[in-house]
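Here's the structure we're looking at; comments come further down.
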Amino acid sequence: MKQFFRNNGGLIVLIAVLLTALLALGGYIWGDNLLTGALEGLAAPLRNVSTAVATWAQGQYDRTFQYESLLAENKTLRHRVAELEKAAREGEDAARENQRLENLLGLAEERPELTYRDASVTRRSTSNWASNLTIDRGSNSNVAVDQCVIDEYGNLVGVVTEVGPNWALVSTILDPNIEMGGRVVSSDENAIVEGDFTLMLEGLTKLSFLPDGAQLISGEQVTTSGLGGVYPPGLLIGSVVAVLTQEDGIGRYAKIQPAADIAGIQYVYVITDYGGEG
């Protein structure tokens with residue numbers, strides 16, 4: 001029925017108007033109440049139909065107008081929600097940045113002899129052969145090869161191995177080409193921290209050449225020793241997760257879990273000056 005009215009509503013209204021005009025004309029010409037009554041009886045259903053069509057048309061118009069209004073309101077609300085979500089994200093970013101700066105300030109107070117240069121990780125690459133990061137600072141920012149790269153807490157991330165004017169390549173402490181002096185904090189024993197192809201895939205590094213009789217347990221912390229003067233001492237590398245015997249059955253080594261989030265880190269700090277020999 002609704003479809004019928006949609007398709008023929010205009011025609012029905014036109015017929016109803018014409019019949020009403022004919023009734024008026026007939027009453028004027030003949031003045032016959034009987035004829036007028038008959039015509040009125042015939043026209044009454046048509047007037048009802050006309051009224052129904054008009055009511056339906058008005059309802060359709062109201063619903064269409066209301067739907068369009070709801071669409072406009074929905075669009076406005078969605079735009080407002082997007083603005084609020086953006087403001088929330090910016091607020092979260094600002095809060096994280098403030099926290100990083102607070103952490104770095106604490107580190108600077110702890111290690112006043114160190115000079116830092118902030119940087120962002122622009123690319124990371126981990127393969128079966130290497131683990132490195134690219135950062136957005138280079139020689140224009142006093143970044144140079146062999147400088148240590150840390151996170152906001154002072155945990156060692158890696159070492160700068162290549163430098164451009166506005167970029168640098170950082171080999172992480174997981175990289176098999178990295179080797180540096182390490183120190184077991186609890187016992188003050190020195191060993192060598194070095195990357196290992198197999199352990200790199202596990203997100204671990206290696207503490208080799210442990211002294212005879214060295215007693216290591218899980219959880220012990222390992223820092224840079226500073227021996228040789230290339231790297232600053234006291235940077236936290238990670239903690240012992242296992243102590244194993246070398247394949248030759250003689251020496252021992254420890255698996256080290258890095259303290260820094262090597263896989264997910266986004267912001268780092270390059271130590272451009274550490275105040276001299278370790």
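A note on labels: chains of the structure tokens are A, B, ... as shown, every chain counts residues from 1, and ligands are counted from 1 in their shown order.
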Taking a cut-off of 8 Å and counting only C-alpha atoms, can you build a table that, for each residue of stretch 189-241 of chain A near stretch 258-269 of chain A, reports the nearest atom pair and how far apart they are in Å (one decimal), sorted by chain then residue number, as a Markdown table?
| residue | atom | partner | partner_atom | distance |
| --- | --- | --- | --- | --- |
| A:Gly203 | CA | A:Pro258 | CA | 7.8 |
| A:Leu204 | CA | A:Pro258 | CA | 6.5 |
| A:Thr205 | CA | A:Pro258 | CA | 7.2 |
| A:Leu236 | CA | A:Ala259 | CA | 6.9 |
| A:Ile237 | CA | A:Pro258 | CA | 5.7 |
| A:Gly238 | CA | A:Pro258 | CA | 4.1 |
| A:Ser239 | CA | A:Pro258 | CA | 6.7 |
TODO: Please provide the set of residues having any atom within 6 Å of A:Ile178, restricted to only C-alpha atoms, with same-chain residues fewer than 2 positions apart removed, written as an MDAnalysis selection string.
DONE: chainID A and resid 175:176 194:195
So that I have them on file, write out the residues from the current selection with N, CA and C atoms, as a CSV table (one decimal), in the first residue's frame.
chain,number,residue,atom,x,y,z
A,175,ASP,N,74.2,-7.4,19.3
A,175,ASP,CA,74.9,-7.6,18.0
A,175,ASP,C,76.2,-8.4,18.2
A,176,PRO,N,76.4,-9.4,17.4
A,176,PRO,CA,77.6,-10.3,17.5
A,176,PRO,C,78.9,-9.6,17.4
A,194,GLU,N,79.8,-9.8,25.2
A,194,GLU,CA,79.9,-9.9,23.7
A,194,GLU,C,78.6,-10.5,23.1
A,195,GLY,N,78.2,-10.0,22.0
A,195,GLY,CA,77.1,-10.5,21.3
A,195,GLY,C,77.3,-11.9,20.8
Task: For A:Glu109, the nearest of the candidates A:Asn140, A:Trp167, A:Thr122, A:Tyr153, counting only C-alpha atoms - done: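 That would be A:Tyr153, the residue with the smallest distance to A:Glu109.
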Would you list the contacts of A:Val185 as a short mmCIF file (atom, residue, chain, number, x, y, z; two decimals) with all heavy atoms, in the first residue's frame, taking every protein, DNA or RNA residue within 6 Å and counting only C-alpha atoms, but skipping same-chain residues closer than 2 positions in sequence?
data_model
loop_
_atom_site.label_atom_id
_atom_site.label_comp_id
_atom_site.auth_asym_id
_atom_site.auth_seq_id
_atom_site.Cartn_x
_atom_site.Cartn_y
_atom_site.Cartn_z
N ARG A 183 81.26 -5.98 34.21
CA ARG A 183 81.57 -6.18 35.63
C ARG A 183 80.35 -6.72 36.35
O ARG A 183 79.23 -6.19 36.19
CB ARG A 183 82.00 -4.86 36.28
CG ARG A 183 82.39 -4.98 37.75
CD ARG A 183 82.82 -3.63 38.29
NE ARG A 183 81.70 -2.74 38.46
CZ ARG A 183 80.98 -2.62 39.59
NH1 ARG A 183 81.30 -3.36 40.64
NH2 ARG A 183 79.98 -1.78 39.66
N SER A 187 79.99 -9.05 42.95
CA SER A 187 81.32 -9.59 43.28
C SER A 187 82.47 -8.73 42.77
O SER A 187 83.64 -9.01 43.08
CB SER A 187 81.46 -11.00 42.71
OG SER A 187 81.35 -10.96 41.30
N ASP A 188 82.16 -7.72 41.97
CA ASP A 188 83.17 -6.83 41.38
C ASP A 188 84.15 -7.61 40.50
O ASP A 188 85.32 -7.22 40.36
CB ASP A 188 83.93 -6.08 42.48
CG ASP A 188 84.64 -4.84 41.93
OD1 ASP A 188 84.15 -4.27 40.94
OD2 ASP A 188 85.70 -4.47 42.48
N GLN A 221 73.32 -8.35 38.58
CA GLN A 221 73.44 -7.31 37.57
C GLN A 221 74.86 -7.22 37.02
O GLN A 221 75.84 -7.45 37.72
CB GLN A 221 73.03 -5.95 38.16
CG GLN A 221 71.54 -5.87 38.49
CD GLN A 221 71.15 -4.48 38.93
OE1 GLN A 221 71.93 -3.74 39.52
NE2 GLN A 221 69.91 -4.10 38.62
N VAL A 222 74.91 -6.84 35.73
CA VAL A 222 76.18 -6.67 35.03
C VAL A 222 76.21 -5.27 34.44
O VAL A 222 75.26 -4.84 33.78
CB VAL A 222 76.35 -7.71 33.91
CG1 VAL A 222 77.66 -7.49 33.16
CG2 VAL A 222 76.29 -9.13 34.48
#
Task: Among the residues A:Ala214, A:Ala254, A:Val121, A:Val157, the one that comes closest to A:Val193 [using only C-alpha atoms] - done: A:Ala254
Open item on the list: If DSSP is run on the backbone, what residues of stretch 60-260 of chain A are strand (DSSP E)? A reply as a ChimeraX atom specification would be ideal.
Closed with: /A:115-126,131-135,148-150,156-163,168-172,179-184,189-194,205-208,221-224,236-245,252-258
Task: Which of A:Leu201, A:Ala242, A:Ile256, A:Ile192 sits closest to A:Leu227 [using only C-alpha atoms] - done: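 Once distances to A:Leu227 are computed over only C-alpha atoms, the minimum belongs to A:Ile192.
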Task: Coordinates-based distance that separates atom CA of A:Ser218 from atom CA of A:Ala130 (Å, one decimal) - done: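 Result for atom CA of A:Ala130 versus atom CA of A:Ser218: 26.6 Å, one decimal.
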TODO: Point out the residue among A:Leu235, A:Ile217, A:Leu244, A:Ala191 with the least atom-to-atom distance to A:Ile150, counting only C-alpha atoms.
DONE: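 Going through A:Leu235, A:Ile217, A:Leu244, A:Ala191 one by one, the smallest distance to A:Ile150 is for A:Leu235.
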- [ ] Pick out the residues sitting within 8 Å of A:Thr272, and hand them over as a list in words; count only C-alpha atoms, and ignore anything fewer than 5 positions along from it in its own chain.
- [x]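 The contact residues come out as Leu114, Thr115, Tyr116, Arg117, Asn142, Val143, Ala144, Gln147 and Cys148 of chain A.
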Open item on the list: Would you pick out the contacts of A:Arg124 at 8 Å or less, using only C-alpha atoms, so that residues sharing its chain but fewer than 6 positions from it are not included, and give the list as a list of chain:residue names?
Closed with: A:Ser131, A:Asn132, A:Leu133, A:Thr134
Selected residues written out, N, CA and C atoms, as a short mmCIF file (atom, residue, chain, number, x, y, z; two decimals), in the first residue's frame:
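Final output, saved to out00.cif:
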data_model
loop_
_atom_site.label_atom_id
_atom_site.label_comp_id
_atom_site.auth_asym_id
_atom_site.auth_seq_id
_atom_site.Cartn_x
_atom_site.Cartn_y
_atom_site.Cartn_z
N SER A 131 72.11 -6.74 14.77
CA SER A 131 71.02 -6.07 15.49
C SER A 131 71.40 -4.61 15.64
N ASN A 132 70.72 -3.73 14.90
CA ASN A 132 71.10 -2.33 14.97
C ASN A 132 69.89 -1.40 14.87
N LEU A 133 70.12 -0.15 15.26
CA LEU A 133 69.12 0.90 15.21
C LEU A 133 69.69 2.09 14.45
N THR A 134 68.84 2.82 13.77
CA THR A 134 69.24 4.09 13.16
C THR A 134 68.58 5.21 13.95
#
